Amino acid sequence: SQQGEEDPQALSIQEGENATMNCSYKTSINNLQWYRQNSGRGLVHLILIRSNEREKHSGRLRVTLDTSKKSSSLLITASRAADTASYFCATDAGTSGSRLTFGEGTQLTVNP
Amino acid sequence: NAGVMQNPRHLVRRRGQEARLRCSPMKGHSHVYWYRQLPEEGLKFMVYLQKENIIDESGMPKERFSAEFPKEGPSILRIQQVVRGDSAAYFCASSGAGETQYFGPGTRLLVL
């Protein structure tokens, strides 16, 4: 198994509902980042949370980090059809400017 | 401020040919990363470069793959004698002094 595993693998909800995606990792990290990828497109950076932070908000996004459990969650509130995409967590275990280790992603489908 | 640029967006090669993928980082960014994404999978780190230096190439296959980031011009990921297993999306990311990596749209390589 690998660093950065998301669950669920796939999530289907109705517009207006909240979506929660989880990510677990194995080693100590410097920070954890969440990205979104629309089908066949590049990655869009959503939010970065550092190892000394526990929660962060950005618009309809809320990210939590529990370093004792080596896990993070991404909550999207009041979802929209445009939120349909794959969501990846990525961990940075080194100093600034080092490699990211990605999970396999959660495919979110928001039905209108 | 233009984002990370990659070209070509799509590349078709026959087995045994060479593939050259180019990446221009965001203005002011001196760190470049290459990642590979196989279908239905997350991104896998390949190499991390700064101007004229390879910092971490631990994710690069031992043979046929090379990368450079010259003093002038874009970063180049070169794959010699391509095989069908090289078919994937190749993403470039760049960062500045901070930790956030910004991704380009990717190059989708198809080896026939």
# chains A, B, ... in the order shown; residues from 1 in each chain; ligands from 1
>>> closest_atom_pairs(of="chain A", to="chain B", cutoff="10 Å", atoms="only C-alpha atoms", output="JSON lines")
{"residue": "A:Gly4", "atom": "CA", "partner": "B:Gly42", "partner_atom": "CA", "distance": 9.7}
{"residue": "A:Glu5", "atom": "CA", "partner": "B:Gly42", "partner_atom": "CA", "distance": 9.8}
{"residue": "A:Asn30", "atom": "CA", "partner": "B:Glu99", "partner_atom": "CA", "distance": 9.4}
{"residue": "A:Asn31", "atom": "CA", "partner": "B:Glu99", "partner_atom": "CA", "distance": 8.3}
{"residue": "A:Leu32", "atom": "CA", "partner": "B:Thr100", "partner_atom": "CA", "distance": 9.8}
{"residue": "A:Gln33", "atom": "CA", "partner": "B:Thr100", "partner_atom": "CA", "distance": 8.0}
{"residue": "A:Tyr35", "atom": "CA", "partner": "B:Phe103", "partner_atom": "CA", "distance": 9.8}
{"residue": "A:Gly40", "atom": "CA", "partner": "B:Pro105", "partner_atom": "CA", "distance": 8.9}
{"residue": "A:Arg41", "atom": "CA", "partner": "B:Pro105", "partner_atom": "CA", "distance": 5.9}
{"residue": "A:Gly42", "atom": "CA", "partner": "B:Pro105", "partner_atom": "CA", "distance": 4.1}
{"residue": "A:Leu43", "atom": "CA", "partner": "B:Phe103", "partner_atom": "CA", "distance": 5.7}
{"residue": "A:Val44", "atom": "CA", "partner": "B:Phe103", "partner_atom": "CA", "distance": 6.9}
{"residue": "A:His45", "atom": "CA", "partner": "B:Tyr102", "partner_atom": "CA", "distance": 6.7}
{"residue": "A:Leu46", "atom": "CA", "partner": "B:Thr100", "partner_atom": "CA", "distance": 9.9}
{"residue": "A:Ile47", "atom": "CA", "partner": "B:Thr100", "partner_atom": "CA", "distance": 8.8}
{"residue": "A:Leu48", "atom": "CA", "partner": "B:Thr100", "partner_atom": "CA", "distance": 7.2}
{"residue": "A:Arg50", "atom": "CA", "partner": "B:Glu99", "partner_atom": "CA", "distance": 9.7}
{"residue": "A:Ser86", "atom": "CA", "partner": "B:Gly42", "partner_atom": "CA", "distance": 9.7}
{"residue": "A:Tyr87", "atom": "CA", "partner": "B:Gly42", "partner_atom": "CA", "distance": 9.7}
{"residue": "A:Phe88", "atom": "CA", "partner": "B:Gly42", "partner_atom": "CA", "distance": 7.4}
{"residue": "A:Cys89", "atom": "CA", "partner": "B:Gly42", "partner_atom": "CA", "distance": 9.4}
{"residue": "A:Ala90", "atom": "CA", "partner": "B:Leu43", "partner_atom": "CA", "distance": 9.2}
{"residue": "A:Asp92", "atom": "CA", "partner": "B:Glu99", "partner_atom": "CA", "distance": 8.5}
{"residue": "A:Thr95", "atom": "CA", "partner": "B:Glu99", "partner_atom": "CA", "distance": 8.7}
{"residue": "A:Ser96", "atom": "CA", "partner": "B:Glu99", "partner_atom": "CA", "distance": 5.4}
{"residue": "A:Gly97", "atom": "CA", "partner": "B:Glu99", "partner_atom": "CA", "distance": 5.8}
{"residue": "A:Ser98", "atom": "CA", "partner": "B:Tyr48", "partner_atom": "CA", "distance": 7.3}
{"residue": "A:Arg99", "atom": "CA", "partner": "B:Phe45", "partner_atom": "CA", "distance": 6.5}
{"residue": "A:Leu100", "atom": "CA", "partner": "B:Phe45", "partner_atom": "CA", "distance": 6.8}
{"residue": "A:Thr101", "atom": "CA", "partner": "B:Phe45", "partner_atom": "CA", "distance": 6.8}
{"residue": "A:Phe102", "atom": "CA", "partner": "B:Leu43", "partner_atom": "CA", "distance": 5.8}
{"residue": "A:Gly103", "atom": "CA", "partner": "B:Gly42", "partner_atom": "CA", "distance": 5.7}
{"residue": "A:Glu104", "atom": "CA", "partner": "B:Gly42", "partner_atom": "CA", "distance": 4.3}
{"residue": "A:Gly105", "atom": "CA", "partner": "B:Gly42", "partner_atom": "CA", "distance": 6.2}
{"residue": "A:Thr106", "atom": "CA", "partner": "B:Gly42", "partner_atom": "CA", "distance": 9.8}
{"residue": "A:Gln107", "atom": "CA", "partner": "B:Glu40", "partner_atom": "CA", "distance": 9.9}
>>> select_by_dssp(residues="chain A", states="strand (DSSP E or B)", output="count of residues only")
61
>>> residues_around(residues="Ile76 in chain B", least_positions_apart="5", cutoff="7 Å", atoms="only C-alpha atoms", output="PDB file with all heavy atoms, in the first residue's frame")
ATOM      1  N   ARG B  20       9.690  13.930 -26.638  1.00  0.00           N
ATOM      2  CA  ARG B  20      10.207  15.098 -25.897  1.00  0.00           C
ATOM      3  C   ARG B  20       9.032  15.919 -25.397  1.00  0.00           C
ATOM      4  O   ARG B  20       8.228  16.398 -26.196  1.00  0.00           O
ATOM      5  CB  ARG B  20      11.079  15.954 -26.808  1.00  0.00           C
ATOM      6  CG  ARG B  20      12.480  15.443 -26.954  1.00  0.00           C
ATOM      7  CD  ARG B  20      13.333  16.378 -27.803  1.00  0.00           C
ATOM      8  NE  ARG B  20      14.679  15.861 -27.904  1.00  0.00           N
ATOM      9  CZ  ARG B  20      15.744  16.470 -27.404  1.00  0.00           C
ATOM     10  NH1 ARG B  20      15.618  17.628 -26.787  1.00  0.00           N
ATOM     11  NH2 ARG B  20      16.937  15.925 -27.522  1.00  0.00           N
ATOM     12  N   LEU B  21       8.976  16.081 -24.087  1.00  0.00           N
ATOM     13  CA  LEU B  21       7.885  16.819 -23.462  1.00  0.00           C
ATOM     14  C   LEU B  21       8.481  18.080 -22.840  1.00  0.00           C
ATOM     15  O   LEU B  21       9.513  18.018 -22.166  1.00  0.00           O
ATOM     16  CB  LEU B  21       7.212  15.971 -22.375  1.00  0.00           C
ATOM     17  CG  LEU B  21       6.345  14.776 -22.817  1.00  0.00           C
ATOM     18  CD1 LEU B  21       7.141  13.717 -23.561  1.00  0.00           C
ATOM     19  CD2 LEU B  21       5.663  14.169 -21.608  1.00  0.00           C
ATOM     20  N   ARG B  22       7.803  19.205 -23.074  1.00  0.00           N
ATOM     21  CA  ARG B  22       8.345  20.474 -22.608  1.00  0.00           C
ATOM     22  C   ARG B  22       7.455  21.097 -21.529  1.00  0.00           C
ATOM     23  O   ARG B  22       6.224  20.954 -21.581  1.00  0.00           O
ATOM     24  CB  ARG B  22       8.488  21.447 -23.776  1.00  0.00           C
ATOM     25  CG  ARG B  22       9.649  21.107 -24.701  1.00  0.00           C
ATOM     26  CD  ARG B  22       9.675  22.026 -25.911  1.00  0.00           C
ATOM     27  NE  ARG B  22       8.572  21.764 -26.806  1.00  0.00           N
ATOM     28  CZ  ARG B  22       8.577  20.814 -27.727  1.00  0.00           C
ATOM     29  NH1 ARG B  22       9.616  20.014 -27.850  1.00  0.00           N
ATOM     30  NH2 ARG B  22       7.540  20.654 -28.511  1.00  0.00           N
ATOM     31  N   CYS B  23       8.092  21.794 -20.631  1.00  0.00           N
ATOM     32  CA  CYS B  23       7.385  22.440 -19.530  1.00  0.00           C
ATOM     33  C   CYS B  23       7.995  23.793 -19.238  1.00  0.00           C
ATOM     34  O   CYS B  23       9.204  23.887 -18.977  1.00  0.00           O
ATOM     35  CB  CYS B  23       7.449  21.567 -18.272  1.00  0.00           C
ATOM     36  SG  CYS B  23       6.904  22.400 -16.765  1.00  0.00           S
ATOM     37  N   ALA B  67      15.839  13.999 -17.869  1.00  0.00           N
ATOM     38  CA  ALA B  67      15.192  15.300 -17.705  1.00  0.00           C
ATOM     39  C   ALA B  67      16.254  16.361 -17.544  1.00  0.00           C
ATOM     40  O   ALA B  67      17.349  16.103 -17.037  1.00  0.00           O
ATOM     41  CB  ALA B  67      14.261  15.300 -16.496  1.00  0.00           C
ATOM     42  N   GLU B  68      15.917  17.564 -17.992  1.00  0.00           N
ATOM     43  CA  GLU B  68      16.821  18.683 -17.827  1.00  0.00           C
ATOM     44  C   GLU B  68      16.021  19.961 -17.636  1.00  0.00           C
ATOM     45  O   GLU B  68      14.855  20.057 -18.039  1.00  0.00           O
ATOM     46  CB  GLU B  68      17.745  18.821 -19.041  1.00  0.00           C
ATOM     47  CG  GLU B  68      17.021  19.110 -20.334  1.00  0.00           C
ATOM     48  CD  GLU B  68      17.994  19.327 -21.489  1.00  0.00           C
ATOM     49  OE1 GLU B  68      19.203  19.109 -21.335  1.00  0.00           O
ATOM     50  OE2 GLU B  68      17.512  19.737 -22.563  1.00  0.00           O
ATOM     51  N   PHE B  69      16.655  20.930 -17.026  1.00  0.00           N
ATOM     52  CA  PHE B  69      16.059  22.249 -16.850  1.00  0.00           C
ATOM     53  C   PHE B  69      17.194  23.241 -17.055  1.00  0.00           C
ATOM     54  O   PHE B  69      17.891  23.635 -16.122  1.00  0.00           O
ATOM     55  CB  PHE B  69      15.468  22.372 -15.446  1.00  0.00           C
ATOM     56  CG  PHE B  69      14.653  23.624 -15.205  1.00  0.00           C
ATOM     57  CD1 PHE B  69      14.177  24.403 -16.250  1.00  0.00           C
ATOM     58  CD2 PHE B  69      14.336  24.002 -13.909  1.00  0.00           C
ATOM     59  CE1 PHE B  69      13.431  25.552 -16.024  1.00  0.00           C
ATOM     60  CE2 PHE B  69      13.580  25.151 -13.667  1.00  0.00           C
ATOM     61  CZ  PHE B  69      13.133  25.913 -14.717  1.00  0.00           C
TER      62      PHE B  69
END
>>> residues_around(residues="range 71-78 of chain A", least_positions_apart="3", cutoff="9 Å", atoms="only C-alpha atoms", output="list in words")
Gly4, Glu15, Gly16, Glu17, Asn18, Ala19, Thr20, Met21, Asn22, Cys23, Ser24, Tyr25, Lys26, Leu32, Trp34, Arg60, Leu61, Arg62, Val63, Thr64, Leu65, Asp66, Thr67, Ser68, Asp83 and Cys89 of chain A
>>> write_last_selection(atoms="N, CA, C and O atoms", output="compact mmCIF listing (two decimals), in the first residue's frame")
# COMPACT_ATOMS: atom_id res chain seq x y z
N GLY A 4 -0.74 8.19 1.25
CA GLY A 4 -1.82 8.94 0.66
C GLY A 4 -2.88 8.07 0.04
O GLY A 4 -2.99 7.96 -1.18
N GLU A 15 -26.87 17.38 -5.62
CA GLU A 15 -26.53 18.79 -5.47
C GLU A 15 -27.08 19.33 -4.15
O GLU A 15 -28.21 19.03 -3.77
N GLY A 16 -26.27 20.12 -3.47
CA GLY A 16 -26.69 20.70 -2.20
C GLY A 16 -26.22 19.91 -0.99
O GLY A 16 -26.14 20.45 0.11
N GLU A 17 -25.93 18.63 -1.20
CA GLU A 17 -25.42 17.81 -0.09
C GLU A 17 -23.95 18.12 0.14
O GLU A 17 -23.26 18.71 -0.68
N ASN A 18 -23.48 17.65 1.30
CA ASN A 18 -22.05 17.78 1.61
C ASN A 18 -21.32 16.51 1.19
O ASN A 18 -21.87 15.41 1.23
N ALA A 19 -20.06 16.69 0.81
CA ALA A 19 -19.22 15.55 0.41
C ALA A 19 -18.00 15.52 1.31
O ALA A 19 -17.33 16.54 1.49
N THR A 20 -17.72 14.35 1.86
CA THR A 20 -16.53 14.19 2.71
C THR A 20 -15.64 13.10 2.13
O THR A 20 -16.09 12.00 1.85
N MET A 21 -14.38 13.46 1.95
CA MET A 21 -13.39 12.51 1.45
C MET A 21 -12.26 12.43 2.46
O MET A 21 -11.89 13.43 3.07
N ASN A 22 -11.74 11.23 2.64
CA ASN A 22 -10.69 11.00 3.63
C ASN A 22 -9.40 10.55 2.98
O ASN A 22 -9.40 9.97 1.90
N CYS A 23 -8.32 10.84 3.68
CA CYS A 23 -6.99 10.49 3.17
C CYS A 23 -6.16 10.00 4.34
O CYS A 23 -6.14 10.63 5.41
N SER A 24 -5.49 8.88 4.15
CA SER A 24 -4.57 8.39 5.19
C SER A 24 -3.18 8.29 4.60
O SER A 24 -3.01 8.10 3.39
N TYR A 25 -2.20 8.43 5.45
CA TYR A 25 -0.81 8.38 4.98
C TYR A 25 0.02 7.65 6.02
O TYR A 25 -0.46 7.36 7.13
N LYS A 26 1.27 7.36 5.69
CA LYS A 26 2.04 6.46 6.55
C LYS A 26 3.21 7.11 7.25
O LYS A 26 3.57 6.72 8.35
N LEU A 32 0.23 18.67 3.83
CA LEU A 32 -0.66 17.85 3.03
C LEU A 32 -1.47 18.78 2.14
O LEU A 32 -1.94 19.83 2.60
N TRP A 34 -4.49 19.18 -1.05
CA TRP A 34 -5.61 18.59 -1.79
C TRP A 34 -5.68 19.24 -3.17
O TRP A 34 -5.56 20.47 -3.30
N ARG A 60 -16.10 27.01 0.31
CA ARG A 60 -16.93 25.87 0.71
C ARG A 60 -16.10 24.65 1.12
O ARG A 60 -16.66 23.58 1.38
N LEU A 61 -14.80 24.81 1.17
CA LEU A 61 -13.92 23.69 1.52
C LEU A 61 -13.46 23.79 2.98
O LEU A 61 -13.15 24.87 3.47
N ARG A 62 -13.44 22.63 3.62
CA ARG A 62 -12.90 22.56 4.97
C ARG A 62 -12.00 21.33 5.04
O ARG A 62 -12.42 20.22 4.71
N VAL A 63 -10.76 21.55 5.44
CA VAL A 63 -9.80 20.46 5.54
C VAL A 63 -9.37 20.31 6.99
O VAL A 63 -9.13 21.29 7.68
N THR A 64 -9.32 19.07 7.44
CA THR A 64 -8.80 18.78 8.78
C THR A 64 -7.57 17.88 8.65
O THR A 64 -7.42 17.15 7.66
N LEU A 65 -6.71 17.94 9.63
CA LEU A 65 -5.51 17.12 9.66
C LEU A 65 -5.31 16.59 11.06
O LEU A 65 -5.32 17.37 12.02
N ASP A 66 -5.18 15.29 11.18
CA ASP A 66 -4.91 14.64 12.47
C ASP A 66 -3.59 13.88 12.32
O ASP A 66 -3.56 12.77 11.78
N THR A 67 -2.52 14.48 12.78
CA THR A 67 -1.20 13.87 12.59
C THR A 67 -1.02 12.63 13.47
O THR A 67 -0.22 11.76 13.13
N SER A 68 -1.77 12.56 14.57
CA SER A 68 -1.65 11.37 15.42
C SER A 68 -2.24 10.15 14.74
O SER A 68 -1.75 9.03 14.93
N ASP A 83 -18.72 20.60 -9.09
CA ASP A 83 -17.72 19.99 -8.21
C ASP A 83 -17.36 18.57 -8.65
O ASP A 83 -16.44 17.96 -8.09
N CYS A 89 -5.36 13.68 -2.47
CA CYS A 89 -4.51 14.26 -1.44
C CYS A 89 -3.06 13.96 -1.80
O CYS A 89 -2.77 12.96 -2.47
>>> atom_distance(atom1="CA of Gly94 in chain A", atom2="CA of Arg54 in chain A")
19.1 Å
>>> atom_distance(atom1="CA of Gln81 in chain B", atom2="CA of Arg64 in chain B")
6.8 Å
>>> residues_around(residues="Glu18 in chain B", least_positions_apart="4", cutoff="12 Å", atoms="only C-alpha atoms", output="PyMOL selection string")
chain B and resi 11-14+64-66+77-83+86+109-111
>>> closest_residue(among="B:Gln17, B:Gln6, B:Ser75, B:Ser87", to="Leu38 in chain B", atoms="only C-alpha atoms")
B:Ser87
